[in-house]
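Worksheet: one structure, shown below.
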Amino acid sequence: MKQKVLSCIQPTGHLHFGNYFGAIQNWVSLQEDYDCIYGIVDYHAMTMPFKGKELYAQTNEMVLDLLACGVDPKKAKIIIQSMVPEHTELAWIFNCVCSYGEVSRMTQFKDKSSDLNSQELITAGLFTYPILQAADILIYKPHVVPVGQDQKQHIELCRTIADRFNKSHGDIFPIPEIMLTNLPKLLSLADPSKKMSKSLGEKHYIGIYEEEATIREKVKAAVTASISNGEMAPGVNNLFQILRASSKSKVANYFEDQYYNGTIRFVDLKQEVADSLVSFSNQFREKRLEIEQDKTFIKDVLSDSALFCRKQAQETLRVVKELVGLRC
Ligand code: TRP
């Protein structure tokens, strides 16, 4: 029996290489050894300012992107959160087994609410977001939840909720393990003091389907610097991270030696980095084309996954409702 993995991503529009190397590449390798459920959490995306049309389109794009990156529907289920409404129903129940104080300690809420300008609402949804996340997880009783460091506190809260529910109402939730993924957090090539992100603008990220010419342009323009006080410049480290994430550790080591002894030619290093990214993006575009040619493929994947996952979700929810005295 394989262990069960669950992880989710917000639909933020097409993926960039920061997302790919920082999470999705790992999802693709986990599907070989685990029974995986990967969720696209559209309800979570409503916690920051959003427009319905965009949310709908971005959710579709994310399905396509996951498939193009190699998530294989024969090995992993891809679900859209709002297609399994049991998550939100369980979240309400968890709202009532979780304290205000516990939710108030979540640092991501503080970060995200301070990103909003004075005209924008800090919604109650943004505050209770980690409770819905706990429901996303526990409803499928997974063994492991792979996430980055930034989500650790949320998964700990999820474990607290599971434990409290078990003690108060009935022992039904296995406590999921956190699988902390120490994957690279790519930086903006144009400004390595910031994370690679779409919100910074075009030159700060490389999209997974980006054309060869612009990839090469952006990599060529990447900010580099020589060693200072024995420390590698962040922009240079970023390029090495890309090489290592592309299974080119030997090449990375070779250039790293040259960096430390001062003989490196950055044009050569950048050439290698650009070659890697170009070969990934060619592969992703090809796969995307193949998927787009089959008009019903995505629809079928989503409805099969939703059917499979809803069965489990409904069963968990049925037991939970019974235990807490609600009616089905
Ligand atoms: N909060 C996560 C993020 O922003 C997304 C998420 C929602 C999630 N539900 C989840 C991640 C369940 C793991 C498991 O990245």
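Letters A, B, ... mark the chains of the structure tokens in the order given; residue numbers begin at 1 per chain; ligand numbers begin at 1, in order shown.
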Discussion item. At a cut-off of 6 Å and counting only C-alpha atoms and all ligand atoms, what residues surround ligand 1? Please answer as a ChimeraX atom specification.
Written reply: /A:7-10,41,133,136-137
Fill in: Expected answer as an MDAnalysis selection string: helix (DSSP H, G or I) residues in range 42-219 of chain A
chainID A and resid 42:45 52:68 81:83 86:95 100:104 107:115 124:138 149:169 198:200 202:204 212:219
Fill in: Nearest to Arg159 in chain A by atom-to-atom distance, counting only C-alpha atoms, from A:Gly52, A:Pro174, A:Pro146, A:Pro11
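Of A:Gly52, A:Pro174, A:Pro146, A:Pro11, the one nearest Arg159 in chain A, counting only C-alpha atoms, is A:Pro174.
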Discussion item. I'd like the contact shell of Ile206 in chain A - 7 Å cut-off, only C-alpha atoms, skipping same-chain residues fewer than 6 positions apart - returned as a list of chain:residue names.
Written reply: A:His16, A:Phe17, A:Ile215
Practice prompt. Find the residues near Gly101 in chain A: any atom within 12 Å, counting only C-alpha atoms, skip ones fewer than 6 places away on the same chain, and give them as a VMD selection string.
Written response: chain A and resid 127 to 128 157
Grab the residues selected above and save them as an mmCIF file, in the first residue's frame with C-alpha atoms.
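For reference, result_28.cif as written:
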data_model
loop_
_atom_site.group_PDB
_atom_site.id
_atom_site.type_symbol
_atom_site.label_atom_id
_atom_site.label_comp_id
_atom_site.auth_asym_id
_atom_site.auth_seq_id
_atom_site.Cartn_x
_atom_site.Cartn_y
_atom_site.Cartn_z
ATOM 1 C CA PHE A 127 -8.007 35.336 8.524
ATOM 2 C CA THR A 128 -9.661 31.902 8.584
ATOM 3 C CA LEU A 157 -2.304 24.250 13.030
#
Worksheet item: Do you know which residues are at most 9 Å from Ile161 in chain A counting only C-alpha atoms, after dropping those on the same chain fewer than 2 positions away, and could you put them as JSON, numbers by chain?
Response: {"A": [94, 97, 98, 131, 134, 156, 157, 158, 159, 163, 164, 165, 166]}
Expected file contents, prior selection, C-alpha atoms, as a JSON list (two decimals), in the first residue's frame:
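Writing the result to part.json gives the following:
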[["chain", "number", "residue", "atom", "x", "y", "z"],
["A", 94, "PHE", "CA", -13.15, 23.14, 12.09],
["A", 97, "VAL", "CA", -12.76, 23.47, 17.07],
["A", 98, "CYS", "CA", -10.04, 26.06, 16.57],
["A", 131, "ILE", "CA", -8.77, 26.47, 8.75],
["A", 134, "ALA", "CA", -6.78, 22.08, 7.42],
["A", 156, "GLU", "CA", 1.06, 22.61, 12.47],
["A", 157, "LEU", "CA", -2.30, 24.25, 13.03],
["A", 158, "CYS", "CA", -3.88, 21.50, 10.94],
["A", 159, "ARG", "CA", -2.26, 18.90, 13.20],
["A", 163, "ASP", "CA", -5.69, 16.19, 17.48],
["A", 164, "ARG", "CA", -8.31, 18.31, 19.20],
["A", 165, "PHE", "CA", -11.10, 16.88, 17.08],
["A", 166, "ASN", "CA", -9.91, 13.36, 17.82]]
